[in-house]
file structure00.cif (mmCIF, C-alpha atoms and all ligand atoms)
data_target
#
loop_
_atom_site.label_atom_id
_atom_site.label_comp_id
_atom_site.auth_asym_id
_atom_site.auth_seq_id
_atom_site.Cartn_x
_atom_site.Cartn_y
_atom_site.Cartn_z
CA MET E 1063 -136.56 -106.80 -130.22
CA PRO E 1064 -139.16 -104.00 -129.92
CA PRO E 1065 -138.07 -100.86 -131.82
CA LEU E 1066 -137.42 -98.62 -128.80
CA ALA E 1067 -134.81 -100.86 -127.22
CA PRO E 1068 -131.80 -100.64 -129.61
CA PRO E 1069 -131.51 -96.81 -129.69
CA LEU E 1070 -132.22 -96.57 -125.95
CA LEU E 1071 -129.63 -99.17 -124.99
CA GLU E 1072 -127.04 -97.53 -127.24
CA TRP E 1073 -127.81 -94.12 -125.64
CA TYR E 1074 -127.68 -95.57 -122.11
CA ALA E 1075 -124.25 -97.07 -122.75
CA HIS E 1076 -122.68 -93.63 -123.17
CA ALA E 1077 -125.07 -91.16 -121.49
CA ALA E 1078 -126.00 -92.86 -118.20
CA ARG E 1079 -124.85 -91.44 -114.89
CA ASP E 1080 -122.27 -93.53 -113.08
CA LEU E 1081 -124.28 -94.27 -109.92
CA PRO E 1082 -122.94 -96.66 -107.27
CA TRP E 1083 -126.05 -98.88 -107.20
CA ARG E 1084 -125.58 -99.56 -110.91
CA SER E 1085 -122.03 -100.94 -110.67
CA ALA E 1086 -121.55 -104.57 -111.71
CA ASP E 1087 -120.51 -105.84 -108.27
CA VAL E 1088 -123.34 -104.28 -106.25
CA THR E 1089 -125.12 -106.61 -103.80
CA PRO E 1090 -128.91 -107.20 -103.83
CA TRP E 1091 -129.07 -105.60 -100.37
CA ALA E 1092 -127.37 -102.45 -101.70
CA VAL E 1093 -129.86 -102.30 -104.59
CA LEU E 1094 -132.75 -102.68 -102.14
CA VAL E 1095 -131.39 -99.90 -99.90
CA SER E 1096 -130.87 -97.61 -102.92
CA GLU E 1097 -134.39 -98.15 -104.23
CA VAL E 1098 -136.02 -97.48 -100.86
CA MET E 1099 -133.94 -94.30 -100.44
CA LEU E 1100 -134.68 -93.15 -104.01
CA GLN E 1101 -138.45 -93.28 -103.46
CA GLN E 1102 -139.40 -89.60 -103.24
CA THR E 1103 -135.79 -88.43 -102.76
CA PRO E 1104 -133.38 -86.96 -105.38
CA VAL E 1105 -130.21 -88.86 -106.31
CA ALA E 1106 -127.88 -86.14 -104.98
CA ARG E 1107 -129.32 -86.45 -101.48
CA VAL E 1108 -129.33 -90.24 -101.57
CA LEU E 1109 -125.66 -90.67 -102.55
CA PRO E 1110 -124.04 -89.81 -99.15
CA ALA E 1111 -126.80 -91.53 -97.14
CA TYR E 1112 -126.47 -94.68 -99.26
CA SER E 1113 -122.74 -95.08 -98.73
CA ALA E 1114 -122.93 -94.28 -95.00
CA TRP E 1115 -125.75 -96.82 -94.54
CA LEU E 1116 -123.94 -99.62 -96.37
CA SER E 1117 -120.65 -98.97 -94.58
CA ARG E 1118 -122.44 -99.40 -91.29
CA TRP E 1119 -124.77 -102.25 -92.31
CA PRO E 1120 -123.25 -104.12 -95.28
CA THR E 1121 -125.79 -106.97 -94.97
CA PRO E 1122 -129.44 -107.26 -93.87
CA ALA E 1123 -128.32 -109.24 -90.80
CA ASP E 1124 -126.09 -106.33 -89.70
CA LEU E 1125 -129.04 -103.95 -89.75
CA ALA E 1126 -131.40 -106.48 -88.16
CA ALA E 1127 -129.01 -106.82 -85.20
CA ASP E 1128 -129.26 -103.10 -84.42
CA ALA E 1129 -132.18 -101.20 -82.83
CA PRO E 1130 -134.81 -99.70 -85.17
CA GLY E 1131 -134.05 -96.30 -83.63
CA GLU E 1132 -130.52 -96.52 -85.05
CA ALA E 1133 -132.01 -96.87 -88.52
CA VAL E 1134 -134.11 -93.75 -87.89
CA ARG E 1135 -131.01 -91.91 -86.68
CA MET E 1136 -128.97 -92.94 -89.75
CA TRP E 1137 -131.84 -91.93 -92.02
CA GLY E 1138 -130.97 -88.36 -91.05
CA ARG E 1139 -132.64 -85.74 -93.19
CA LEU E 1140 -133.67 -87.94 -96.13
CA GLY E 1141 -137.35 -87.39 -95.31
CA TYR E 1142 -140.28 -89.81 -95.04
CA PRO E 1143 -138.50 -91.53 -92.11
CA ARG E 1144 -141.02 -94.37 -91.87
CA ARG E 1145 -138.94 -95.78 -94.70
CA ALA E 1146 -136.10 -96.32 -92.20
CA LEU E 1147 -138.32 -98.33 -89.86
CA ARG E 1148 -139.68 -100.42 -92.73
CA LEU E 1149 -136.19 -101.09 -94.06
CA HIS E 1150 -135.22 -102.28 -90.59
CA ALA E 1151 -138.30 -104.52 -90.44
CA ALA E 1152 -137.49 -105.83 -93.92
CA ALA E 1153 -133.94 -106.67 -92.77
CA VAL E 1154 -135.36 -108.64 -89.82
CA GLN E 1155 -137.65 -110.61 -92.15
CA ILE E 1156 -134.84 -111.26 -94.62
CA ARG E 1157 -132.74 -112.65 -91.77
CA ASP E 1158 -135.56 -114.70 -90.25
CA ARG E 1159 -137.43 -115.98 -93.31
CA HIS E 1160 -134.86 -115.87 -96.12
CA ARG E 1161 -131.67 -116.93 -94.29
CA GLY E 1162 -130.27 -113.44 -94.64
CA ALA E 1163 -130.42 -113.33 -98.44
CA VAL E 1164 -132.61 -110.78 -100.27
CA PRO E 1165 -135.17 -112.82 -102.27
CA ALA E 1166 -135.16 -112.53 -106.08
CA ASP E 1167 -138.84 -113.21 -106.71
CA PRO E 1168 -141.07 -110.09 -107.04
CA ALA E 1169 -143.89 -111.70 -105.02
CA GLU E 1170 -141.52 -112.56 -102.15
CA LEU E 1171 -140.01 -109.07 -102.31
CA GLU E 1172 -143.46 -107.47 -102.22
CA ALA E 1173 -144.24 -109.44 -99.05
CA LEU E 1174 -141.45 -107.55 -97.23
CA PRO E 1175 -142.38 -104.42 -95.19
CA GLY E 1176 -142.26 -101.21 -97.21
CA ILE E 1177 -141.60 -102.93 -100.54
CA GLY E 1178 -144.29 -102.04 -103.08
CA VAL E 1179 -144.96 -103.00 -106.67
CA TYR E 1180 -142.24 -100.68 -108.01
CA THR E 1181 -139.47 -101.52 -105.55
CA ALA E 1182 -140.06 -105.29 -105.76
CA ARG E 1183 -139.65 -105.23 -109.54
CA ALA E 1184 -136.73 -102.81 -109.45
CA VAL E 1185 -134.81 -105.16 -107.13
CA ALA E 1186 -135.75 -108.27 -109.14
CA ALA E 1187 -134.54 -106.58 -112.34
CA PHE E 1188 -131.52 -104.55 -111.21
CA ALA E 1189 -130.13 -106.92 -108.57
CA PHE E 1190 -131.03 -110.27 -110.12
CA GLY E 1191 -131.39 -109.54 -113.85
CA ARG E 1192 -135.00 -110.78 -113.94
CA ARG E 1193 -137.19 -109.89 -116.93
CA VAL E 1194 -139.91 -107.95 -115.11
CA PRO E 1195 -141.50 -104.57 -115.94
CA VAL E 1196 -140.28 -101.73 -113.70
CA VAL E 1197 -142.61 -98.73 -113.68
CA ASP E 1198 -141.86 -95.53 -111.77
CA THR E 1199 -142.88 -91.91 -112.42
CA ASN E 1200 -140.17 -91.41 -115.04
CA VAL E 1201 -141.09 -94.60 -116.91
CA ARG E 1202 -144.78 -93.63 -116.85
CA ARG E 1203 -143.98 -90.26 -118.41
CA VAL E 1204 -141.76 -91.76 -121.15
CA LEU E 1205 -144.45 -94.35 -121.90
CA ALA E 1206 -147.20 -91.69 -122.06
CA ARG E 1207 -145.18 -89.66 -124.55
CA ALA E 1208 -143.31 -92.19 -126.69
CA VAL E 1209 -146.03 -94.86 -126.91
CA THR E 1210 -149.41 -93.24 -126.12
CA GLY E 1211 -148.57 -89.86 -127.66
CA VAL E 1212 -149.73 -87.63 -124.78
CA GLY E 1213 -147.65 -85.09 -122.85
CA GLU E 1214 -148.07 -86.50 -119.35
CA ALA E 1215 -149.01 -89.77 -117.71
CA GLY E 1216 -152.62 -89.83 -116.53
CA PRO E 1217 -153.78 -91.32 -113.23
CA PRO E 1218 -151.72 -94.41 -112.35
CA SER E 1219 -153.02 -97.85 -113.25
CA ALA E 1220 -150.47 -100.41 -112.15
CA THR E 1221 -151.91 -103.37 -114.04
CA ARG E 1222 -152.28 -101.57 -117.36
CA GLU E 1223 -148.84 -99.94 -117.15
CA LEU E 1224 -147.04 -103.11 -116.10
CA ALA E 1225 -148.55 -104.87 -119.12
CA ALA E 1226 -147.63 -102.00 -121.46
CA VAL E 1227 -144.01 -101.97 -120.30
CA GLU E 1228 -143.78 -105.77 -120.34
CA ALA E 1229 -144.69 -105.64 -124.06
CA LEU E 1230 -141.68 -103.38 -124.72
CA LEU E 1231 -139.09 -105.49 -122.88
CA PRO E 1232 -136.40 -107.28 -124.87
CA GLU E 1233 -136.51 -111.09 -124.53
CA GLU E 1234 -133.13 -111.67 -122.92
CA PRO E 1235 -133.56 -111.04 -119.15
CA ARG E 1236 -130.38 -109.02 -118.52
CA THR E 1237 -131.01 -106.89 -121.61
CA ALA E 1238 -134.58 -106.34 -120.40
CA ALA E 1239 -133.27 -105.13 -117.02
CA ARG E 1240 -130.82 -102.76 -118.74
CA PHE E 1241 -133.64 -101.50 -120.95
CA SER E 1242 -135.71 -100.72 -117.83
CA VAL E 1243 -132.98 -98.67 -116.21
CA ALA E 1244 -132.35 -96.95 -119.57
CA VAL E 1245 -136.01 -95.85 -119.76
CA MET E 1246 -135.78 -94.51 -116.19
CA GLU E 1247 -132.60 -92.65 -117.05
CA LEU E 1248 -134.17 -91.16 -120.18
CA GLY E 1249 -137.04 -89.87 -118.02
CA ALA E 1250 -134.58 -88.43 -115.49
CA LEU E 1251 -132.21 -86.73 -117.95
CA VAL E 1252 -133.97 -86.10 -121.28
CA CYS E 1253 -137.71 -86.78 -121.22
CA VAL E 1254 -138.08 -84.61 -118.11
CA ALA E 1255 -141.35 -83.34 -116.66
CA GLY E 1256 -140.83 -79.66 -117.38
CA ARG E 1257 -139.35 -78.94 -120.79
CA PRO E 1258 -138.28 -82.19 -122.48
CA ARG E 1259 -134.96 -82.18 -124.35
CA CYS E 1260 -136.26 -83.77 -127.54
CA ALA E 1261 -133.23 -82.56 -129.55
CA SER E 1262 -130.99 -84.97 -127.63
CA CYS E 1263 -133.49 -87.83 -127.36
CA PRO E 1264 -132.40 -91.20 -128.82
CA ILE E 1265 -136.01 -92.25 -129.53
CA ALA E 1266 -137.30 -88.94 -130.92
CA ALA E 1267 -137.78 -90.57 -134.34
CA GLU E 1268 -140.17 -93.13 -132.80
CA CYS E 1269 -141.86 -90.85 -130.26
CA ALA E 1270 -145.65 -90.74 -130.76
CA TRP E 1271 -145.96 -87.44 -128.87
CA ARG E 1272 -143.35 -85.69 -131.04
CA LEU E 1273 -144.79 -87.21 -134.25
CA ALA E 1274 -148.21 -85.80 -133.27
CA GLY E 1275 -146.69 -82.31 -132.86
CA TRP E 1276 -146.45 -82.29 -129.03
CA PRO E 1277 -150.18 -81.82 -128.32
CA ALA E 1278 -150.83 -80.06 -124.99
CA TYR E 1279 -151.84 -82.32 -122.13
CA ALA E 1280 -155.64 -82.32 -121.78
CA GLY E 1281 -155.96 -84.11 -118.43
CA ARG E 1282 -155.99 -82.71 -114.95
CA PRO E 1283 -152.71 -81.11 -113.78
CA ALA E 1284 -150.74 -82.96 -111.12
CA ARG E 1285 -151.15 -81.65 -107.59
CA ALA E 1286 -148.02 -79.88 -106.32
CA GLN E 1287 -146.82 -81.11 -102.93
CA ARG E 1288 -146.63 -78.38 -100.31
CA PHE E 1289 -144.14 -78.80 -97.48
CA ALA E 1290 -143.79 -75.54 -95.50
CA GLY E 1291 -146.30 -75.39 -92.67
CA THR E 1292 -147.47 -78.98 -93.08
CA ASP E 1293 -147.61 -81.63 -90.37
CA ARG E 1294 -144.80 -83.33 -92.25
CA GLN E 1295 -142.54 -80.34 -91.66
CA VAL E 1296 -143.40 -80.28 -87.94
CA ARG E 1297 -142.80 -84.03 -87.65
CA GLY E 1298 -139.42 -83.50 -89.32
CA LEU E 1299 -138.44 -80.80 -86.82
CA LEU E 1300 -139.48 -82.87 -83.79
CA LEU E 1301 -137.71 -85.98 -85.03
CA ALA E 1302 -134.54 -84.03 -85.92
CA LEU E 1303 -134.28 -82.74 -82.34
CA VAL E 1304 -134.43 -86.27 -80.87
CA ARG E 1305 -132.23 -87.77 -83.59
CA GLU E 1306 -129.48 -85.22 -83.07
CA SER E 1307 -129.56 -85.52 -79.29
CA THR E 1308 -127.42 -88.09 -77.48
CA GLU E 1309 -129.97 -88.23 -74.64
CA PRO E 1310 -133.78 -88.53 -74.51
CA VAL E 1311 -135.49 -85.16 -74.99
CA SER E 1312 -137.92 -83.50 -72.56
CA LYS E 1313 -141.38 -82.30 -73.60
CA PRO E 1314 -140.60 -78.59 -73.02
CA ARG E 1315 -137.66 -78.84 -75.44
CA LEU E 1316 -139.87 -80.48 -78.07
CA ASP E 1317 -142.48 -77.76 -77.51
CA GLY E 1318 -139.85 -75.22 -78.52
CA VAL E 1319 -139.66 -76.36 -82.15
CA TRP E 1320 -143.12 -75.13 -83.25
CA VAL E 1321 -145.41 -72.50 -81.74
CA HIS E 1322 -148.79 -73.86 -82.82
CA ALA E 1323 -149.66 -76.30 -80.05
CA THR E 1324 -152.49 -78.17 -81.80
CA GLN E 1325 -150.42 -78.93 -84.85
CA ARG E 1326 -147.36 -79.74 -82.75
CA GLU E 1327 -149.29 -82.21 -80.58
CA ARG E 1328 -150.82 -83.81 -83.66
CA ALA E 1329 -147.38 -84.23 -85.22
CA LEU E 1330 -145.96 -85.71 -82.01
CA ALA E 1331 -148.90 -88.11 -81.68
CA GLY E 1332 -148.32 -89.21 -85.28
CA LEU E 1333 -144.63 -89.93 -84.63
CA LEU E 1334 -145.57 -92.04 -81.58
CA THR E 1335 -148.28 -93.94 -83.50
CA ASP E 1336 -145.86 -94.64 -86.35
CA GLY E 1337 -143.24 -95.95 -83.90
CA LEU E 1338 -140.69 -93.32 -84.92
CA LEU E 1339 -140.52 -92.02 -81.33
CA THR E 1340 -141.23 -93.62 -77.97
CA GLU E 1341 -142.21 -91.97 -74.70
CA LEU E 1342 -140.12 -93.13 -71.75
CA ALA E 1343 -141.46 -93.71 -68.23
CA ASP E 1344 -139.98 -90.36 -67.12
CA GLY E 1345 -141.96 -88.48 -69.79
CA ARG E 1346 -138.99 -87.85 -72.10
CA TYR E 1347 -138.89 -88.92 -75.76
CA ALA E 1348 -136.39 -91.17 -77.53
CA LEU E 1349 -135.86 -93.09 -80.77
CA PRO E 1350 -137.33 -96.63 -80.65
CA GLY E 1351 -135.15 -99.27 -78.99
CA GLY E 1352 -134.81 -102.96 -79.92
N1 LIG W 1 -131.10 -96.66 -111.03
C1 LIG W 1 -131.78 -97.73 -110.65
N2 LIG W 1 -132.87 -97.37 -109.97
C2 LIG W 1 -132.85 -96.02 -109.91
C3 LIG W 1 -133.69 -95.06 -109.34
N3 LIG W 1 -134.77 -95.43 -108.65
N4 LIG W 1 -133.37 -93.77 -109.51
C4 LIG W 1 -132.28 -93.43 -110.18
N5 LIG W 1 -131.45 -94.29 -110.71
C5 LIG W 1 -131.73 -95.59 -110.59
#

call {"tool": "encode", "arguments": {"input": "structure00.cif", "output": "structure tokens"}}
result
Amino acid sequence: MPPLAPPLLEWYAHAARDLPWRSADVTPWAVLVSEVMLQQTPVARVLPAYSAWLSRWPTPADLAADAPGEAVRMWGRLGYPRRALRLHAAAVQIRDRHRGAVPADPAELEALPGIGVYTARAVAAFAFGRRVPVVDTNVRRVLARAVTGVGEAGPPSATRELAAVEALLPEEPRTAARFSVAVMELGALVCVAGRPRCASCPIAAECAWRLAGWPAYAGRPARAQRFAGTDRQVRGLLLALVRESTEPVSKPRLDGVWVHATQRERALAGLLTDGLLTELADGRYALPGG
């Protein structure tokens, strides 16, 4: 077994958070829902949305039978609401092409709407115990530090990073999957982006970055994501008004959410193009129907 795995697995066994999508009896559908929600969204915000979603739609077929607009409504304030539409479209494909069962193969998972390289491998590993590399932001940072010896991950390179993580995986598939979630957890709790907690790190003795004396990162700094004043904020306000209304919403009411008309119209046009809103024959706006 590669040298990082034993101390990491031992640490994970006692230090990991008890998250519902990690319990032994979780379904592949629940893992898929959790991974889509966790893209770009913190765990604390995902927890209530995850349980509400699965209570309402315990299987892909349950979601596929409902209108896509209901998925957008249930998505609530999680952000990046196109994820709700894609999850709905994925549920339809799982029902129609996979007899209602989430596929286990990463290539088949990647063929589903909204499922990228990361999510396909996360589901294959965490739901089906497959031995596949799972590389997200946290894993990239741990890899950059512990293996490459630099303070931050450089620009992403999926092929190179998948190969690097594959080389670290234990042989036994279920142990490999547990190792992957342990690396993610280390990146979330200990090897964090700001000030890493090296004093409580189970692989500090092996960490190339620490052994080199924590050299400062020489690459370009990551771009911070602005939210206030962006089209994304305006889209969020428009969609929230329709989502929280029991009836379709008139244009004058939508116009009330943002004073700058050009930006407001651009945001509205984007929501219509993305299929997150539809314009009815009477000129009012609603969530997309079946
Ligand atoms: N456990 C499994 N996948 C996870 C994720 N994406 N974020 C946090 N915990 C996880």

call {"tool": "residues_around", "arguments": {"input": "structure00.cif", "residues": "Arg1079 in chain E", "least_positions_apart": "4", "cutoff": "10 Å", "atoms": "all atoms listed in the file", "output": "list in words"}}
result
Tyr1074, Ala1075, Arg1084, Glu1247 and Leu1251 of chain E

call {"tool": "closest_residue", "arguments": {"input": "structure00.cif", "among": "E:Pro1350, E:Gly1337, E:Pro1232, E:Gly1298", "to": "Leu1070 in chain E", "atoms": "only C-alpha atoms"}}
result
E:Pro1232

call {"tool": "closest_residue", "arguments": {"input": "structure00.cif", "among": "E:Gly1249, E:Pro1235, E:Gly1178, E:Gly1345", "to": "ligand LIG 1 (chain W)", "atoms": "all atoms listed in the file"}}
result
E:Gly1249

call {"tool": "residues_near_ligand", "arguments": {"input": "structure00.cif", "ligand": "ligand LIG 1 (chain W)", "cutoff": "10 Å", "atoms": "all atoms listed in the file", "output": "MDAnalysis selection string"}}
result
chainID E and resid 1078:1084 1093:1094 1096:1106 1108 1180:1181 1184:1185 1187:1189 1196:1200 1239:1240 1242:1244 1246:1247 1249:1250

call {"tool": "residues_around", "arguments": {"input": "structure00.cif", "residues": "range 1166-1169 of chain E", "least_positions_apart": "6", "cutoff": "7 Å", "atoms": "only C-alpha atoms", "output": "ChimeraX atom specification"}}
result
/E:1182-1183,1186,1190

call {"tool": "atom_distance", "arguments": {"input": "structure00.cif", "atom1": "CA of Thr1340 in chain E", "atom2": "CA of Pro1310 in chain E"}}
result
9.7 Å

call {"tool": "residues_near_point", "arguments": {"input": "structure00.cif", "point": "(-138.4, -98.8, -89.0)", "cutoff": "8 Å", "atoms": "all atoms listed in the file", "output": "tab-separated table (two decimals) with C-alpha atoms, keeping the file's coordinate frame"}}
result
chain	number	residue	atom	x	y	z
E	1130	PRO	CA	-134.81	-99.70	-85.17
E	1131	GLY	CA	-134.05	-96.30	-83.63
E	1133	ALA	CA	-132.01	-96.87	-88.52
E	1134	VAL	CA	-134.11	-93.75	-87.89
E	1143	PRO	CA	-138.50	-91.53	-92.11
E	1144	ARG	CA	-141.02	-94.37	-91.87
E	1145	ARG	CA	-138.94	-95.78	-94.70
E	1146	ALA	CA	-136.10	-96.32	-92.20
E	1147	LEU	CA	-138.32	-98.33	-89.86
E	1148	ARG	CA	-139.68	-100.42	-92.73
E	1149	LEU	CA	-136.19	-101.09	-94.06
E	1150	HIS	CA	-135.22	-102.28	-90.59
E	1151	ALA	CA	-138.30	-104.52	-90.44
E	1337	GLY	CA	-143.24	-95.95	-83.90
E	1338	LEU	CA	-140.69	-93.32	-84.92

call {"tool": "residues_around", "arguments": {"input": "structure00.cif", "residues": "range 1115-1120 of chain E", "least_positions_apart": "2", "cutoff": "10 Å", "atoms": "all atoms listed in the file", "output": "JSON list (two decimals) with C-alpha atoms, in the coordinates of the input"}}
result
[["chain", "number", "residue", "atom", "x", "y", "z"],
["E", 1089, "THR", "CA", -125.12, -106.61, -103.80],
["E", 1091, "TRP", "CA", -129.07, -105.60, -100.37],
["E", 1092, "ALA", "CA", -127.37, -102.45, -101.70],
["E", 1095, "VAL", "CA", -131.39, -99.90, -99.90],
["E", 1096, "SER", "CA", -130.87, -97.61, -102.92],
["E", 1110, "PRO", "CA", -124.04, -89.81, -99.15],
["E", 1111, "ALA", "CA", -126.80, -91.53, -97.14],
["E", 1112, "TYR", "CA", -126.47, -94.68, -99.26],
["E", 1113, "SER", "CA", -122.74, -95.08, -98.73],
["E", 1122, "PRO", "CA", -129.44, -107.26, -93.87],
["E", 1123, "ALA", "CA", -128.32, -109.24, -90.80],
["E", 1124, "ASP", "CA", -126.09, -106.33, -89.70],
["E", 1125, "LEU", "CA", -129.04, -103.95, -89.75],
["E", 1126, "ALA", "CA", -131.40, -106.48, -88.16],
["E", 1127, "ALA", "CA", -129.01, -106.82, -85.20],
["E", 1128, "ASP", "CA", -129.26, -103.10, -84.42],
["E", 1133, "ALA", "CA", -132.01, -96.87, -88.52],
["E", 1136, "MET", "CA", -128.97, -92.94, -89.75],
["E", 1137, "TRP", "CA", -131.84, -91.93, -92.02]]

call {"tool": "residues_around", "arguments": {"input": "structure00.cif", "residues": "Leu1066 in chain E", "least_positions_apart": "6", "cutoff": "10 Å", "atoms": "all atoms listed in the file", "output": "PyMOL selection string"}}
result
chain E and resi 1208-1209+1230-1232+1241+1245+1264-1269

call {"tool": "write_last_selection", "arguments": {"input": "structure00.cif", "atoms": "C-alpha atoms", "output": "PDB file, keeping the file's coordinate frame"}}
result
ATOM      1  CA  ALA E1208    -143.310 -92.190-126.690  1.00  0.00           C
ATOM      2  CA  VAL E1209    -146.030 -94.860-126.910  1.00  0.00           C
ATOM      3  CA  LEU E1230    -141.680-103.380-124.720  1.00  0.00           C
ATOM      4  CA  LEU E1231    -139.090-105.490-122.880  1.00  0.00           C
ATOM      5  CA  PRO E1232    -136.400-107.280-124.870  1.00  0.00           C
ATOM      6  CA  PHE E1241    -133.640-101.500-120.950  1.00  0.00           C
ATOM      7  CA  VAL E1245    -136.010 -95.850-119.760  1.00  0.00           C
ATOM      8  CA  PRO E1264    -132.400 -91.200-128.820  1.00  0.00           C
ATOM      9  CA  ILE E1265    -136.010 -92.250-129.530  1.00  0.00           C
ATOM     10  CA  ALA E1266    -137.300 -88.940-130.920  1.00  0.00           C
ATOM     11  CA  ALA E1267    -137.780 -90.570-134.340  1.00  0.00           C
ATOM     12  CA  GLU E1268    -140.170 -93.130-132.800  1.00  0.00           C
ATOM     13  CA  CYS E1269    -141.860 -90.850-130.260  1.00  0.00           C
TER      14      CYS E1269
END

call {"tool": "closest_residue", "arguments": {"input": "structure00.cif", "among": "E:Arg1193, E:Arg1257, E:Arg1157, E:Arg1288", "to": "Thr1121 in chain E", "atoms": "all atoms listed in the file"}}
result
E:Arg1157

call {"tool": "atom_distance", "arguments": {"input": "structure00.cif", "atom1": "CA of Glu1132 in chain E", "atom2": "CA of Arg1315 in chain E"}}
result
21.4 Å

call {"tool": "atom_distance", "arguments": {"input": "structure00.cif", "atom1": "CA of Gly1275 in chain E", "atom2": "CA of Arg1259 in chain E"}}
result
14.5 Å

call {"tool": "closest_residue", "arguments": {"input": "structure00.cif", "among": "E:Arg1192, E:Ile1156, E:Val1252, E:Tyr1279", "to": "Val1212 in chain E", "atoms": "only C-alpha atoms"}}
result
E:Tyr1279

call {"tool": "closest_residue", "arguments": {"input": "structure00.cif", "among": "E:Ala1129, E:Ala1261, E:Val1254, E:Leu1316", "to": "Leu1330 in chain E", "atoms": "all atoms listed in the file"}}
result
E:Leu1316

call {"tool": "closest_residue", "arguments": {"input": "structure00.cif", "among": "E:Arg1161, E:His1076, E:Arg1328, E:Arg1135", "to": "Val1296 in chain E", "atoms": "all atoms listed in the file"}}
result
E:Arg1328

call {"tool": "residues_near_point", "arguments": {"input": "structure00.cif", "point": "(-146.6, -92.5, -76.1)", "cutoff": "12 Å", "atoms": "only C-alpha atoms", "output": "PyMOL selection string"}}
result
chain E and resi 1313+1327+1330-1350

call {"tool": "write_last_selection", "arguments": {"input": "structure00.cif", "atoms": "C-alpha atoms", "output": "PDB file, in the coordinates of the input"}}
result
ATOM      1  CA  LYS E1313    -141.380 -82.300 -73.600  1.00  0.00           C
ATOM      2  CA  GLU E1327    -149.290 -82.210 -80.580  1.00  0.00           C
ATOM      3  CA  LEU E1330    -145.960 -85.710 -82.010  1.00  0.00           C
ATOM      4  CA  ALA E1331    -148.900 -88.110 -81.680  1.00  0.00           C
ATOM      5  CA  GLY E1332    -148.320 -89.210 -85.280  1.00  0.00           C
ATOM      6  CA  LEU E1333    -144.630 -89.930 -84.630  1.00  0.00           C
ATOM      7  CA  LEU E1334    -145.570 -92.040 -81.580  1.00  0.00           C
ATOM      8  CA  THR E1335    -148.280 -93.940 -83.500  1.00  0.00           C
ATOM      9  CA  ASP E1336    -145.860 -94.640 -86.350  1.00  0.00           C
ATOM     10  CA  GLY E1337    -143.240 -95.950 -83.900  1.00  0.00           C
ATOM     11  CA  LEU E1338    -140.690 -93.320 -84.920  1.00  0.00           C
ATOM     12  CA  LEU E1339    -140.520 -92.020 -81.330  1.00  0.00           C
ATOM     13  CA  THR E1340    -141.230 -93.620 -77.970  1.00  0.00           C
ATOM     14  CA  GLU E1341    -142.210 -91.970 -74.700  1.00  0.00           C
ATOM     15  CA  LEU E1342    -140.120 -93.130 -71.750  1.00  0.00           C
ATOM     16  CA  ALA E1343    -141.460 -93.710 -68.230  1.00  0.00           C
ATOM     17  CA  ASP E1344    -139.980 -90.360 -67.120  1.00  0.00           C
ATOM     18  CA  GLY E1345    -141.960 -88.480 -69.790  1.00  0.00           C
ATOM     19  CA  ARG E1346    -138.990 -87.850 -72.100  1.00  0.00           C
ATOM     20  CA  TYR E1347    -138.890 -88.920 -75.760  1.00  0.00           C
ATOM     21  CA  ALA E1348    -136.390 -91.170 -77.530  1.00  0.00           C
ATOM     22  CA  LEU E1349    -135.860 -93.090 -80.770  1.00  0.00           C
ATOM     23  CA  PRO E1350    -137.330 -96.630 -80.650  1.00  0.00           C
TER      24      PRO E1350
END

call {"tool": "residues_around", "arguments": {"input": "structure00.cif", "residues": "Gln1295 in chain E", "least_positions_apart": "6", "cutoff": "10 Å", "atoms": "only C-alpha atoms", "output": "list in words"}}
result
Gly1141, Arg1288, Phe1289, Leu1301, Trp1320 and Ala1329 of chain E
